[in-house]
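Colleague: After the structure tokens below, expect a handful of questions from me.
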Amino acid sequence: MHPESLLVAWLTPRYPDARVVTERPEAMPAQLIQVIGIGGQTDRFRVGDQRCDIDVFAATRIDARALATAIERDLLENLPGQTVNGIAVQQVASFMSPTWTADDNTNIRRFTLGVGLRLHDRSAA
């Protein structure tokens, strides 16, 4: 299961003003959402618990916090029950609410949130 791919595919059309990626580009756009898989496990029935950090970048601290908070709420309220690329999302839980995170680039502001996903891979035969 690839929770990064699932979240990028789901978040991209929902946040058209932001660029959604798994790897941070050299040139930073005005708003960036970076999805980073941080591990998990899957059983023999293709049900897995996966965790992801989501870094949200914007020009101001207020904008970064607002976008991160909106993403967290959207994931918790609207992603469960969805199927993305053959992966059914059974549950979403936040294990770290949006938190300011220092960044080497002093021209942008960054908030990080962490989510756990319970997924069922229905794409395999």
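We label chains A, B, ... in the order they appear in the structure tokens, count residues from 1 in each chain, and number ligands from 1 in the order shown.
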With only C-alpha atoms as the counted atoms, please give the residues lying no more than 9 Å from Thr112 in chain A, apart from itself and same-chain residues fewer than 4 positions off, as a PyMOL selection string.
Modeller: chain A and resi 53-57+65+68+96-101
Colleague: Among chain A, which residues carry a DSSP assignment of helix (DSSP H, G or I), reported as a ChimeraX atom specification?
Modeller: /A:3-14,61-78
Colleague: Leaving out Thr106 in chain A and any residue of its chain fewer than 4 positions from it, which residues lie within 12 Å of it when counting only C-alpha atoms, given as an NGL selection string?
Modeller: :A and (28 or 57-61 or 101-102 or 110)
Colleague: Could you turn the residues from that selection into a file that holds N, CA and C atoms, as a JSON list (two decimals), in the first residue's frame?
Modeller:
```json
[["chain", "number", "residue", "atom", "x", "y", "z"],
["A", 28, "MET", "N", 10.13, 26.82, -4.55],
["A", 28, "MET", "CA", 8.92, 26.66, -3.74],
["A", 28, "MET", "C", 7.77, 27.48, -4.33],
["A", 57, "PHE", "N", 3.34, 24.28, 3.57],
["A", 57, "PHE", "CA", 4.17, 25.47, 3.45],
["A", 57, "PHE", "C", 3.36, 26.61, 2.84],
["A", 58, "ALA", "N", 3.53, 27.81, 3.36],
["A", 58, "ALA", "CA", 2.89, 29.00, 2.81],
["A", 58, "ALA", "C", 3.76, 30.21, 3.17],
["A", 59, "ALA", "N", 3.42, 31.35, 2.59],
["A", 59, "ALA", "CA", 4.23, 32.56, 2.79],
["A", 59, "ALA", "C", 4.13, 33.10, 4.21],
["A", 60, "THR", "N", 2.98, 32.92, 4.86],
["A", 60, "THR", "CA", 2.82, 33.44, 6.22],
["A", 60, "THR", "C", 2.44, 32.32, 7.17],
["A", 61, "ARG", "N", 2.70, 32.56, 8.42],
["A", 61, "ARG", "CA", 2.35, 31.59, 9.46],
["A", 61, "ARG", "C", 0.83, 31.39, 9.51],
["A", 101, "THR", "N", 6.55, 24.16, 12.55],
["A", 101, "THR", "CA", 7.83, 23.47, 12.43],
["A", 101, "THR", "C", 8.82, 24.43, 11.80],
["A", 102, "ALA", "N", 9.97, 24.59, 12.42],
["A", 102, "ALA", "CA", 11.00, 25.46, 11.85],
["A", 102, "ALA", "C", 11.47, 24.90, 10.51],
["A", 110, "ARG", "N", 5.99, 26.84, 7.86],
["A", 110, "ARG", "CA", 5.69, 25.41, 7.74],
["A", 110, "ARG", "C", 4.93, 24.93, 8.96]]
```
Colleague: Can you list, as an MDAnalysis selection string, all residues belonging to chain A that DSSP tags as strand (DSSP E)?
Modeller: chainID A and resid 19:21 32:42 47:58 83:84 87:100 109:121
Colleague: Please produce a file of the residues just selected, as a short mmCIF file (atom, residue, chain, number, x, y, z; two decimals), in the first residue's frame, where the atoms kept are C-alpha atoms.
Modeller:
```cif
data_model
loop_
_atom_site.label_atom_id
_atom_site.label_comp_id
_atom_site.auth_asym_id
_atom_site.auth_seq_id
_atom_site.Cartn_x
_atom_site.Cartn_y
_atom_site.Cartn_z
CA ARG A 19 1.18 21.98 -5.25
CA VAL A 20 0.91 18.50 -3.68
CA VAL A 21 4.12 16.42 -3.76
CA LEU A 32 3.03 23.46 -0.99
CA ILE A 33 1.67 20.27 0.58
CA GLN A 34 4.29 17.54 1.06
CA VAL A 35 3.14 14.03 1.97
CA ILE A 36 5.70 11.77 3.67
CA GLY A 37 4.94 8.13 4.52
CA ILE A 38 6.48 7.24 7.87
CA GLY A 39 5.62 3.56 8.15
CA GLY A 40 2.94 1.13 9.06
CA GLN A 41 1.95 -2.48 8.67
CA THR A 42 -0.31 -4.60 6.47
CA VAL A 47 -5.69 -4.33 5.50
CA GLY A 48 -3.06 -1.93 6.75
CA ASP A 49 -2.48 0.81 9.23
CA GLN A 50 -0.26 3.44 7.66
CA ARG A 51 1.06 6.75 8.99
CA CYS A 52 1.95 9.92 7.11
CA ASP A 53 3.30 13.31 7.99
CA ILE A 54 1.95 16.19 5.95
CA ASP A 55 4.08 19.33 5.77
CA VAL A 56 2.22 22.46 4.71
CA PHE A 57 4.17 25.47 3.45
CA ALA A 58 2.89 29.00 2.81
CA THR A 83 -11.72 4.53 -2.57
CA VAL A 84 -8.66 5.97 -4.30
CA ILE A 87 -7.47 1.44 -1.99
CA ALA A 88 -10.46 1.78 0.33
CA VAL A 89 -9.97 4.19 3.22
CA GLN A 90 -11.70 2.74 6.26
CA GLN A 91 -10.56 5.18 8.91
CA VAL A 92 -8.49 8.35 9.37
CA ALA A 93 -7.14 9.54 12.71
CA SER A 94 -4.94 12.48 13.59
CA PHE A 95 -1.97 11.61 15.79
CA MET A 96 -0.45 15.10 15.57
CA SER A 97 -2.56 18.20 15.04
CA PRO A 98 -1.04 21.00 12.95
CA THR A 99 2.14 22.16 14.64
CA TRP A 100 4.53 24.92 13.65
CA ARG A 109 6.31 29.08 7.04
CA ARG A 110 5.69 25.41 7.74
CA PHE A 111 3.13 23.47 9.74
CA THR A 112 3.23 19.70 10.12
CA LEU A 113 0.37 17.32 10.89
CA GLY A 114 0.33 13.56 11.26
CA VAL A 115 -2.42 11.17 10.23
CA GLY A 116 -2.97 7.47 10.56
CA LEU A 117 -4.89 5.66 7.85
CA ARG A 118 -6.61 2.29 7.97
CA LEU A 119 -6.59 1.07 4.37
CA HIS A 120 -7.86 -1.98 2.52
CA ASP A 121 -6.14 -2.75 -0.78
#
```
